[in-house]
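Undergrad: Here you go, upload_3.txt (compact mmCIF, C-alpha atoms):
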```txt
# COMPACT_ATOMS: atom_id res chain seq x y z
CA MET G 24 179.05 -4.44 64.94
CA ALA G 25 175.89 -3.42 66.80
CA ARG G 26 174.04 -6.30 68.48
CA TYR G 27 170.39 -6.36 69.53
CA LEU G 28 169.63 -7.84 72.95
CA LYS G 29 165.96 -6.94 72.40
CA LYS G 30 164.00 -5.98 69.28
CA GLY G 31 160.55 -4.47 68.76
CA ARG G 32 157.84 -5.32 66.25
CA ASP G 33 159.02 -5.84 62.71
CA ALA G 34 158.54 -3.30 59.95
CA GLU G 35 155.83 -5.33 58.21
CA ALA G 36 153.59 -5.33 61.27
CA ARG G 37 154.07 -1.59 61.70
CA ALA G 38 153.22 -1.02 58.02
CA GLU G 39 149.91 -2.86 58.47
CA ASP G 40 149.04 -0.58 61.39
CA ASP G 41 149.90 2.48 59.28
CA ALA G 42 147.68 1.29 56.43
CA ARG G 43 144.66 0.92 58.73
CA VAL G 44 145.21 4.41 60.13
CA ARG G 45 145.62 5.89 56.67
CA HIS G 46 142.32 4.46 55.41
CA THR G 47 140.39 5.59 58.49
CA VAL G 48 141.73 9.15 58.32
CA GLU G 49 141.05 9.46 54.59
CA SER G 50 137.37 8.62 55.05
CA ILE G 51 137.00 10.98 58.03
CA LEU G 52 138.51 13.94 56.19
CA ALA G 53 136.32 13.29 53.15
CA ASP G 54 133.26 13.27 55.42
CA ILE G 55 134.23 16.59 57.04
CA ALA G 56 134.85 18.18 53.64
CA LYS G 57 131.42 17.05 52.46
CA ARG G 58 129.18 17.52 55.51
CA GLY G 59 130.99 20.13 57.62
CA ASN G 60 129.56 20.75 61.09
CA THR G 61 127.26 17.74 60.93
CA ALA G 62 130.20 15.39 60.36
CA VAL G 63 132.28 17.07 63.07
CA ARG G 64 129.44 16.71 65.58
CA GLU G 65 128.91 13.03 64.77
CA LEU G 66 132.63 12.27 64.94
CA SER G 67 133.03 14.05 68.25
CA ALA G 68 130.12 12.07 69.67
CA LYS G 69 131.54 8.80 68.32
CA PHE G 70 135.14 9.19 69.43
CA ASP G 71 134.92 11.47 72.47
CA GLY G 72 131.31 11.18 73.64
CA TRP G 73 131.17 14.96 73.38
CA VAL G 74 128.35 16.83 71.65
CA ARG G 75 127.72 20.59 71.51
CA ASP G 76 126.09 22.99 69.12
CA ASP G 77 129.25 25.11 69.12
CA TYR G 78 132.64 23.67 70.13
CA ARG G 79 134.16 27.10 70.64
CA LEU G 80 134.53 27.85 74.35
CA THR G 81 132.93 31.04 75.62
CA ASP G 82 134.72 33.59 77.79
CA LYS G 83 132.70 32.33 80.77
CA GLU G 84 133.74 28.72 80.14
CA ILE G 85 137.38 29.78 79.93
CA LYS G 86 137.12 31.69 83.22
CA ASP G 87 135.41 28.71 84.85
CA CYS G 88 138.31 26.48 83.80
CA MET G 89 140.85 28.98 85.12
CA SER G 90 139.04 29.09 88.46
CA GLN G 91 139.41 25.33 88.90
CA LEU G 92 143.21 25.61 89.11
CA SER G 93 145.06 26.56 92.25
CA ALA G 94 147.33 29.59 92.50
CA ARG G 95 150.32 27.21 92.46
CA ASP G 96 149.01 25.49 89.30
CA LEU G 97 148.68 28.83 87.53
CA GLU G 98 152.10 29.96 88.68
CA ASP G 99 153.69 26.73 87.45
CA ILE G 100 152.05 27.19 84.04
CA ARG G 101 153.20 30.80 83.97
CA PHE G 102 156.79 29.78 84.80
CA ALA G 103 156.87 27.17 82.01
CA GLN G 104 155.42 29.62 79.51
CA GLU G 105 158.01 32.24 80.44
CA GLN G 106 160.79 29.76 79.64
CA VAL G 107 159.27 28.83 76.28
CA ARG G 108 158.64 32.48 75.40
CA ASN G 109 162.14 33.54 76.39
CA PHE G 110 163.87 30.94 74.23
CA ALA G 111 161.49 31.58 71.32
CA GLN G 112 162.25 35.30 71.50
CA HIS G 113 165.98 34.62 71.34
CA GLN G 114 165.36 32.39 68.34
CA ARG G 115 163.32 35.11 66.63
CA GLU G 116 166.08 37.66 67.20
CA SER G 117 168.52 35.34 65.43
CA ILE G 118 166.40 35.49 62.24
CA ARG G 119 167.22 38.61 60.28
CA ASP G 120 165.82 40.25 57.19
CA LEU G 121 168.48 40.72 54.53
CA GLU G 122 169.26 43.21 51.79
CA VAL G 123 172.56 43.29 49.88
CA GLU G 124 173.90 45.01 46.75
CA THR G 125 175.23 42.03 44.78
CA LEU G 126 176.28 44.06 41.72
CA PRO G 127 176.36 47.84 41.24
CA GLY G 128 172.72 48.90 41.18
CA VAL G 129 171.36 45.39 41.86
CA TRP G 130 169.81 44.84 45.28
CA LEU G 131 168.58 41.45 46.52
CA GLY G 132 166.90 40.73 49.81
CA HIS G 133 164.54 38.64 51.84
CA LYS G 134 161.89 39.34 54.42
CA ASN G 135 160.66 36.94 57.10
CA ILE G 136 156.87 37.21 57.01
CA PRO G 137 154.61 35.42 59.54
CA VAL G 138 151.85 33.19 58.23
CA ASN G 139 148.42 34.75 58.70
CA SER G 140 146.69 32.05 60.74
CA VAL G 141 147.66 28.90 62.61
CA GLY G 142 145.70 26.05 64.14
CA CYS G 143 147.41 24.56 67.20
CA TYR G 144 146.42 21.04 68.21
CA VAL G 145 146.88 20.14 71.89
CA PRO G 146 146.60 16.41 72.68
CA GLY G 147 144.56 15.59 75.75
CA GLY G 148 142.36 12.55 75.39
CA LYS G 149 144.55 10.26 77.51
CA TYR G 150 146.54 12.85 79.47
CA PRO G 151 145.81 16.61 79.61
CA LEU G 152 149.02 17.64 77.83
CA LEU G 153 148.90 21.35 78.55
CA ALA G 154 152.60 21.75 77.68
CA SER G 155 151.73 21.45 74.00
CA ALA G 156 149.77 24.69 74.32
CA HIS G 157 152.91 26.54 75.42
CA MET G 158 154.99 25.10 72.62
CA SER G 159 152.67 25.97 69.75
CA ILE G 160 150.67 29.05 70.78
CA ILE G 161 153.50 31.01 72.40
CA THR G 162 155.91 30.25 69.56
CA ALA G 163 153.34 31.42 67.01
CA ARG G 164 152.74 34.59 69.02
CA VAL G 165 156.46 35.37 69.20
CA ALA G 166 156.54 34.95 65.42
CA MET G 167 153.72 37.55 65.21
CA VAL G 168 151.09 35.28 63.65
CA ASP G 169 147.85 37.29 63.34
CA ARG G 170 145.27 34.62 64.27
CA VAL G 171 145.98 31.65 66.53
CA VAL G 172 143.25 29.01 66.85
CA THR G 173 143.63 26.06 69.19
CA CYS G 174 141.88 22.71 69.71
CA ALA G 175 142.06 20.14 72.47
CA PRO G 176 139.79 17.16 73.09
CA PRO G 177 137.56 16.96 76.16
CA PHE G 178 139.08 15.20 79.15
CA GLN G 179 136.79 13.01 81.22
CA GLY G 180 133.71 14.46 79.56
CA LYS G 181 134.48 18.17 79.75
CA PRO G 182 137.08 20.73 78.67
CA ALA G 183 140.36 20.01 80.49
CA PRO G 184 140.82 22.95 82.89
CA ALA G 185 144.62 22.89 82.81
CA ILE G 186 144.75 22.80 79.00
CA VAL G 187 142.20 25.61 78.66
CA ALA G 188 144.14 27.72 81.17
CA ALA G 189 147.37 27.13 79.27
CA GLN G 190 145.73 27.94 75.93
CA HIS G 191 144.26 31.16 77.31
CA MET G 192 147.43 32.25 79.13
CA ALA G 193 149.52 31.54 76.03
CA GLY G 194 147.37 33.94 74.00
CA ALA G 195 145.02 31.86 71.85
CA ASP G 196 142.40 33.89 69.97
CA VAL G 197 139.91 31.02 69.74
CA ILE G 198 139.71 27.83 71.83
CA TYR G 199 137.77 24.80 70.62
CA ALA G 200 136.99 21.81 72.86
CA LEU G 201 137.40 19.38 70.00
CA GLY G 202 139.83 16.54 69.47
CA GLY G 203 141.22 14.04 67.02
CA VAL G 204 140.97 14.01 63.26
CA GLN G 205 137.69 15.91 63.46
CA ALA G 206 139.51 18.83 65.10
CA VAL G 207 142.42 19.18 62.69
CA GLY G 208 140.12 18.44 59.75
CA ALA G 209 137.64 21.13 60.78
CA ILE G 210 140.20 23.89 61.33
CA ALA G 211 142.14 23.01 58.18
CA LEU G 212 139.20 22.56 55.80
CA GLY G 213 136.74 24.90 57.50
CA THR G 214 133.04 24.33 58.17
CA GLU G 215 129.93 26.50 58.23
CA THR G 216 131.06 28.01 61.53
CA ILE G 217 134.81 27.32 61.69
CA GLU G 218 137.09 29.55 59.65
CA PRO G 219 139.98 27.58 58.13
CA VAL G 220 143.60 28.29 59.00
CA ASP G 221 146.71 28.42 56.83
CA MET G 222 148.87 26.09 58.91
CA LEU G 223 148.50 23.19 61.37
CA VAL G 224 150.95 22.57 64.21
CA GLY G 225 151.22 20.38 67.28
CA PRO G 226 151.68 16.71 68.15
CA GLY G 227 148.97 14.07 68.35
CA ASN G 228 148.28 10.38 68.13
CA ALA G 229 148.79 8.30 64.98
CA PHE G 230 145.43 9.44 63.56
CA VAL G 231 146.15 13.14 64.09
CA ALA G 232 149.62 12.74 62.58
CA GLU G 233 148.16 10.98 59.54
CA ALA G 234 145.50 13.68 59.18
CA LYS G 235 148.20 16.34 59.08
CA ARG G 236 150.07 14.33 56.45
CA GLN G 237 146.97 14.06 54.25
CA LEU G 238 146.09 17.74 54.72
CA TYR G 239 149.58 18.94 53.87
CA GLY G 240 149.43 20.98 50.70
CA ARG G 241 145.97 22.34 51.39
CA VAL G 242 147.51 23.82 54.53
CA GLY G 243 151.06 23.99 55.82
CA ILE G 244 152.19 21.83 58.71
CA ASP G 245 155.03 22.05 61.17
CA LEU G 246 156.30 18.48 60.69
CA PHE G 247 155.20 14.86 60.77
CA ALA G 248 154.92 14.13 64.49
CA GLY G 249 153.86 10.59 65.28
CA PRO G 250 154.19 8.53 68.46
CA THR G 251 156.81 9.69 70.96
CA GLU G 252 160.26 8.16 70.42
CA THR G 253 163.12 7.95 72.90
CA LEU G 254 166.70 6.83 72.48
CA VAL G 255 168.90 6.59 75.57
CA ILE G 256 172.63 6.49 74.84
CA ALA G 257 174.61 5.42 77.90
CA ASP G 258 177.83 3.91 79.22
CA GLU G 259 178.99 2.76 82.67
CA SER G 260 179.11 6.36 83.92
CA VAL G 261 175.40 5.97 84.80
CA ASP G 262 173.42 3.13 86.32
CA ALA G 263 170.51 0.98 85.23
CA GLU G 264 167.95 2.86 87.31
CA MET G 265 168.67 6.11 85.47
CA CYS G 266 168.45 4.40 82.05
CA ALA G 267 165.30 2.45 82.87
CA THR G 268 163.57 5.51 84.33
CA ASP G 269 164.30 7.62 81.25
CA LEU G 270 163.04 4.89 78.93
CA LEU G 271 159.80 4.20 80.79
CA GLY G 272 159.23 7.90 81.41
CA GLN G 273 158.57 8.29 77.69
CA ALA G 274 157.12 4.85 76.98
CA GLU G 275 154.09 5.85 79.07
CA HIS G 276 153.06 8.22 76.26
CA GLY G 277 151.44 5.36 74.37
CA ALA G 278 151.53 1.68 73.57
CA ASN G 279 153.26 2.40 70.25
CA SER G 280 156.01 4.66 71.64
CA PRO G 281 159.49 3.29 70.82
CA ALA G 282 162.00 3.31 73.69
CA VAL G 283 165.54 2.27 72.77
CA LEU G 284 168.65 1.79 74.89
CA MET G 285 172.01 2.00 73.13
CA THR G 286 175.15 1.30 75.11
CA THR G 287 178.72 0.11 74.91
CA SER G 288 178.20 -1.97 78.06
CA GLU G 289 176.44 -5.33 77.85
CA LYS G 290 176.41 -5.39 81.65
CA LEU G 291 174.49 -2.09 81.75
CA ALA G 292 172.16 -3.33 79.00
CA LYS G 293 171.17 -6.45 80.89
CA ALA G 294 170.87 -4.58 84.19
CA THR G 295 168.58 -2.00 82.53
CA ILE G 296 166.29 -4.73 81.18
CA ASP G 297 166.02 -6.14 84.72
CA GLU G 298 165.45 -2.69 86.20
CA ILE G 299 162.67 -1.96 83.70
CA GLU G 300 160.87 -5.10 84.84
CA ARG G 301 161.19 -3.98 88.46
CA LEU G 302 159.92 -0.46 87.75
CA LEU G 303 156.98 -1.82 85.79
CA THR G 304 155.70 -3.38 89.02
CA ILE G 305 155.41 0.04 90.71
CA LEU G 306 154.92 2.59 87.90
CA PRO G 307 151.32 3.91 87.96
CA THR G 308 151.27 4.04 84.15
CA ALA G 309 152.80 0.57 83.80
CA GLU G 310 149.94 -0.83 81.73
CA ILE G 311 150.75 1.47 78.82
CA ALA G 312 154.50 1.55 79.35
CA ARG G 313 154.74 -2.24 79.46
CA ARG G 314 152.97 -2.63 76.12
CA ALA G 315 155.24 -0.02 74.55
CA TRP G 316 158.34 -1.72 75.95
CA GLN G 317 157.24 -5.20 74.89
CA ASP G 318 156.27 -4.21 71.34
CA TYR G 319 158.60 -1.30 70.57
CA GLY G 320 161.41 -1.44 73.13
CA GLU G 321 164.92 -2.24 71.89
CA VAL G 322 168.35 -2.72 73.44
CA ILE G 323 171.44 -2.30 71.26
CA VAL G 324 175.04 -2.97 72.31
CA CYS G 325 177.73 -1.15 70.31
CA GLU G 326 181.52 -1.42 70.20
CA ASP G 327 182.34 2.23 70.92
CA ASP G 328 181.02 5.79 70.86
CA GLU G 329 181.67 6.12 67.13
CA GLU G 330 179.42 3.15 66.39
CA MET G 331 176.75 4.56 68.70
CA VAL G 332 176.80 7.79 66.68
CA ARG G 333 176.34 5.85 63.43
CA GLU G 334 173.51 3.76 64.85
CA ALA G 335 171.83 6.78 66.45
CA ASP G 336 171.92 8.68 63.16
CA ARG G 337 170.38 5.66 61.43
CA ILE G 338 167.55 5.54 63.99
CA ALA G 339 167.06 9.36 63.86
CA SER G 340 165.05 9.41 67.08
CA GLU G 341 162.83 12.23 68.26
CA HIS G 342 164.44 12.43 71.72
CA VAL G 343 168.03 11.41 72.40
CA GLN G 344 169.14 11.28 76.04
CA VAL G 345 172.96 11.08 76.19
CA MET G 346 174.47 9.86 79.47
CA THR G 347 178.09 9.08 78.72
CA ARG G 348 181.47 10.24 79.98
CA ASP G 349 181.68 12.69 77.08
CA PRO G 350 178.17 13.73 75.99
CA ASN G 351 179.58 16.62 73.92
CA PHE G 352 181.06 14.02 71.56
CA PHE G 353 177.50 13.28 70.47
CA LEU G 354 176.59 16.96 70.23
CA THR G 355 179.58 17.45 67.93
CA ASN G 356 179.11 14.36 65.78
CA MET G 357 175.42 13.42 65.64
CA LYS G 358 173.34 14.77 62.76
CA ASN G 359 169.92 13.09 62.92
CA TYR G 360 167.84 13.81 66.01
CA GLY G 361 164.87 15.88 67.15
CA ALA G 362 166.45 17.13 70.37
CA LEU G 363 169.49 16.17 72.44
CA PHE G 364 169.48 15.97 76.23
CA LEU G 365 173.09 16.01 77.32
CA GLY G 366 174.23 14.50 80.60
CA PRO G 367 172.37 12.86 83.49
CA ARG G 368 171.30 16.17 85.05
CA THR G 369 168.81 16.83 82.25
CA ASN G 370 166.18 14.56 80.73
CA VAL G 371 163.42 14.44 78.14
CA ALA G 372 160.73 15.41 80.65
CA PHE G 373 162.49 18.76 81.23
CA GLY G 374 162.22 19.47 77.50
CA ASP G 375 158.66 18.17 77.33
CA LYS G 376 157.34 20.38 80.09
CA VAL G 377 159.33 23.34 81.27
CA ILE G 378 162.95 24.04 80.33
CA GLY G 379 162.08 26.20 77.30
CA THR G 380 163.04 24.29 74.16
CA ASN G 381 160.14 23.17 72.00
CA HIS G 382 158.81 19.65 72.47
CA THR G 383 157.10 19.28 69.08
CA LEU G 384 159.79 17.28 67.32
CA PRO G 385 160.26 15.08 64.23
CA THR G 386 159.49 11.36 64.51
CA MET G 387 159.50 8.37 62.15
CA LYS G 388 163.01 9.24 60.88
CA ALA G 389 161.94 12.75 59.81
CA ALA G 390 164.91 14.06 61.83
CA ARG G 391 166.98 13.15 58.76
CA TYR G 392 165.61 16.24 57.00
CA THR G 393 163.93 18.56 59.50
CA GLY G 394 164.24 19.94 62.99
CA GLY G 395 161.43 20.55 65.44
CA LEU G 396 158.87 23.30 65.82
CA TRP G 397 160.38 26.74 66.38
CA VAL G 398 159.71 30.36 65.54
CA GLY G 399 161.12 29.93 62.06
CA LYS G 400 158.40 27.40 61.16
CA PHE G 401 155.82 30.19 61.35
CA LEU G 402 157.80 32.49 59.07
CA LYS G 403 157.91 32.58 55.28
CA THR G 404 161.31 33.74 54.02
CA CYS G 405 160.30 35.64 50.90
CA THR G 406 162.83 37.15 48.50
CA TYR G 407 162.69 40.37 46.51
CA GLN G 408 164.90 42.18 44.02
CA ARG G 409 165.35 45.77 42.97
CA VAL G 410 167.42 47.12 40.07
CA GLU G 411 168.22 50.79 40.57
CA SER G 412 170.26 51.80 37.50
CA ASP G 413 169.74 51.66 33.74
CA SER G 414 173.16 50.13 33.19
CA ALA G 415 172.52 47.31 35.69
CA SER G 416 169.16 46.48 34.11
CA ALA G 417 170.69 46.38 30.62
CA MET G 418 173.69 44.33 31.70
CA ILE G 419 171.61 41.70 33.55
CA GLY G 420 169.16 41.76 30.65
CA GLU G 421 171.77 40.72 28.10
CA TYR G 422 172.82 37.70 30.17
CA CYS G 423 169.19 36.82 30.86
CA SER G 424 168.18 37.05 27.20
CA ARG G 425 170.93 34.71 26.02
CA LEU G 426 170.17 32.18 28.78
CA CYS G 427 166.45 32.26 28.03
CA MET G 428 167.04 31.55 24.33
CA LEU G 429 169.39 28.71 25.28
CA GLU G 430 166.35 27.14 26.92
CA GLY G 431 163.98 28.06 24.09
CA PHE G 432 161.94 30.57 26.10
CA ALA G 433 161.42 33.42 23.63
CA GLY G 434 158.85 35.19 25.79
CA HIS G 435 161.22 35.16 28.74
CA ALA G 436 163.96 36.51 26.51
CA GLU G 437 161.77 39.37 25.36
CA GLN G 438 161.20 40.40 28.98
CA ALA G 439 164.95 40.91 29.15
CA ASN G 440 165.30 42.37 25.66
CA VAL G 441 162.81 45.16 26.26
CA ARG G 442 164.95 46.32 29.20
CA VAL G 443 168.10 46.14 27.10
CA ARG G 444 166.45 48.27 24.40
CA ARG G 445 164.94 50.74 26.84
CA TYR G 446 167.72 51.10 29.39
CA GLY G 447 170.79 50.12 27.36
CA GLY G 448 169.99 51.83 24.07
CA ARG G 449 170.63 48.66 22.05
CA ASN G 450 168.36 47.85 19.11
CA ILE G 451 167.68 44.15 19.71
CA PRO G 452 165.01 42.59 17.47
CA TYR G 453 161.93 41.15 19.15
CA ALA G 454 162.37 37.72 20.78
CA THR G 455 165.96 37.08 19.70
CA ALA G 456 168.99 36.67 21.90
CA ALA G 457 171.17 39.66 22.67
CA GLU G 458 174.58 39.40 21.07
```
Would you give me this structure, written as structure tokens?
TA:
Amino acid sequence: MARYLKKGRDAEARAEDDARVRHTVESILADIAKRGNTAVRELSAKFDGWVRDDYRLTDKEIKDCMSQLSARDLEDIRFAQEQVRNFAQHQRESIRDLEVETLPGVWLGHKNIPVNSVGCYVPGGKYPLLASAHMSIITARVAMVDRVVTCAPPFQGKPAPAIVAAQHMAGADVIYALGGVQAVGAIALGTETIEPVDMLVGPGNAFVAEAKRQLYGRVGIDLFAGPTETLVIADESVDAEMCATDLLGQAEHGANSPAVLMTTSEKLAKATIDEIERLLTILPTAEIARRAWQDYGEVIVCEDDEEMVREADRIASEHVQVMTRDPNFFLTNMKNYGALFLGPRTNVAFGDKVIGTNHTLPTMKAARYTGGLWVGKFLKTCTYQRVESDSASAMIGEYCSRLCMLEGFAGHAEQANVRVRRYGGRNIPYATAAE
């Protein structure tokens, strides 16, 4: 049976935090819907200290941001974007339109149609997370979305040059220097000067995630992406330094980012706890990482790999770093995860920044029912049907009429009956089942 050597905050305390966030976001979105640009301006001033008449960046501002990056910076961004684009293109090629003759004269099919417009949120208030621009904008472009709008908060009182460069290089049509709930609310609901989009994508803090949840239905969303989550699954084939580094490397995202170690070795578990304490004395982002580890860090000792699979599927973590003698065992048997990172030679940071898979992934146990952002999220799989012969229409019509009357839908039945009369030559009375 799995044993906890360390546990994080209990569910009740987390629920109280969620309730406070929910109430705050609800009032902000209502304000934006009512007062438009005025509300957005006041919220931006309040939360980011950032006020403009128009939050859309001009071509000159975009060029100025690009000029602040070195040639190496731009090349590194270009390399990362090439990896994301390449994998997204392979994903798109795996999605095929379909048409099949299911019965003589009856053709059924589906088409994969891109959504018309997407708003991509790029977090950047604490760290300029330019990688999120690659993941959302490029993937939408590969899916052939017509209009791609993007938002990122100001960083240190001005547009973040690296984020703006990444947004521009990825192919954004419009770039807004606007963050938080006011950003996703404005592009989802629209204002006097901001045209609304059909879909919101991209990660964000707890407030942005809650805003997407509340806006879902009025617009589409990619998934519910809350605070970063990391699960490290390990055995004695790796050491405590590797485990501790991979846990703290993600805990620095935020003070509410869960970081969990699961292992079959109590010795490794205890050594990792000690190593985390050592690394927290030298890690530049230790202030944030320490709070995340204290409040949300967990250490679980399991009997064997099979129990680790069961526990990992229960946790359904966003990121799962597997460092065991047989990492493919987890690839074969695990079902609930955002993304797997198999073996010690890879890690979550590779996926976050550069390797090419998408880093916008399900959190808060959403991995039980959805995967992460990919080309398919921007596509609507829409079906169609075509009946090409009189005999097929009449034959399907007779079945349809009887089934409709079984449900009491006379009008539905008559839709079928009129085809039976017209194309099958049978004299069926109005709104009665075919014999």
Undergrad: Would you please work out which residue, of G:Tyr144, G:Phe178, G:Phe352, G:Phe247, is nearest to Ala389 (chain G) when using only C-alpha atoms?
TA: G:Phe247
Undergrad: Find, counting all atoms listed in the file, the residue in G:Met428, G:Ile296, G:Ile338, G:Val410 that gets nearest to Val123 (chain G).
TA: G:Val410
Undergrad: Which residue, G:Glu65, G:Glu264, G:Glu105, G:Glu275, has the smallest gap to Tyr150 (chain G) when you use all atoms listed in the file?
TA: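 Closest to Tyr150 (chain G) of all the choices is G:Glu275.
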Undergrad: Give the padded box for region 198-217 of chain G as JSON: axis-aligned, covering all atoms listed in the file, 8 Å on each side, centre and edge lengths in Å to one decimal.
TA:
```
{"center_x": 136.2, "center_y": 21.0, "center_z": 64.3, "size_x": 28.5, "size_y": 30.0, "size_z": 33.1}
```
Undergrad: Quote the spacing between CA of Ala195 (chain G) and CA of Lys86 (chain G) in Å to one decimal place.
TA: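 Going from CA of Ala195 (chain G) over to CA of Lys86 (chain G) covers 13.8 Å.
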Undergrad: Report the distance between CA of Met89 (chain G) and CA of Trp397 (chain G) in Å, rounded to one decimal place.
TA: 27.2 Å
Undergrad: Please provide as a PyMOL selection string all residues within 9 Å of Pro184 (chain G), with the sequence filter that same-chain residues fewer than 6 positions apart are discarded (counting only C-alpha atoms).
TA: chain G and resi 85+87-92+151+178
Undergrad: Neighbouring residues of region 168-174 of chain G were defined as those with any atom within 7 Å, considering all atoms listed in the file; residues of the same chain fewer than 4 positions away were excluded. Please report them as a list in words.
TA: Pro137, Val138, Asn139, Ser140, Val141, Gly142, Cys143, Tyr144, Val145, Ile160, Ala163, Arg164, Ala195, Asp196, Val197, Ile198, Tyr199, Ala200, Leu201, Gly202 and Ala206 of chain G
Undergrad: Tell me which protein, DNA and RNA residues are within 12 Å of Ala42 (chain G), counting only C-alpha atoms, leaving out same-chain ones fewer than 5 positions away, and put them as a ChimeraX atom specification.
TA: /G:35-37,47-49,229-230,233
Undergrad: Keeping C-alpha atoms for every residue in the selection just given, could you write it to a file as a PDB file, keeping the file's coordinate frame?
TA:
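Final output, selection00.pdb:
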```pdb
ATOM      1  CA  GLU G  35     155.830  -5.330  58.210  1.00  0.00           C
ATOM      2  CA  ALA G  36     153.590  -5.330  61.270  1.00  0.00           C
ATOM      3  CA  ARG G  37     154.070  -1.590  61.700  1.00  0.00           C
ATOM      4  CA  THR G  47     140.390   5.590  58.490  1.00  0.00           C
ATOM      5  CA  VAL G  48     141.730   9.150  58.320  1.00  0.00           C
ATOM      6  CA  GLU G  49     141.050   9.460  54.590  1.00  0.00           C
ATOM      7  CA  ALA G 229     148.790   8.300  64.980  1.00  0.00           C
ATOM      8  CA  PHE G 230     145.430   9.440  63.560  1.00  0.00           C
ATOM      9  CA  GLU G 233     148.160  10.980  59.540  1.00  0.00           C
TER      10      GLU G 233
END
```
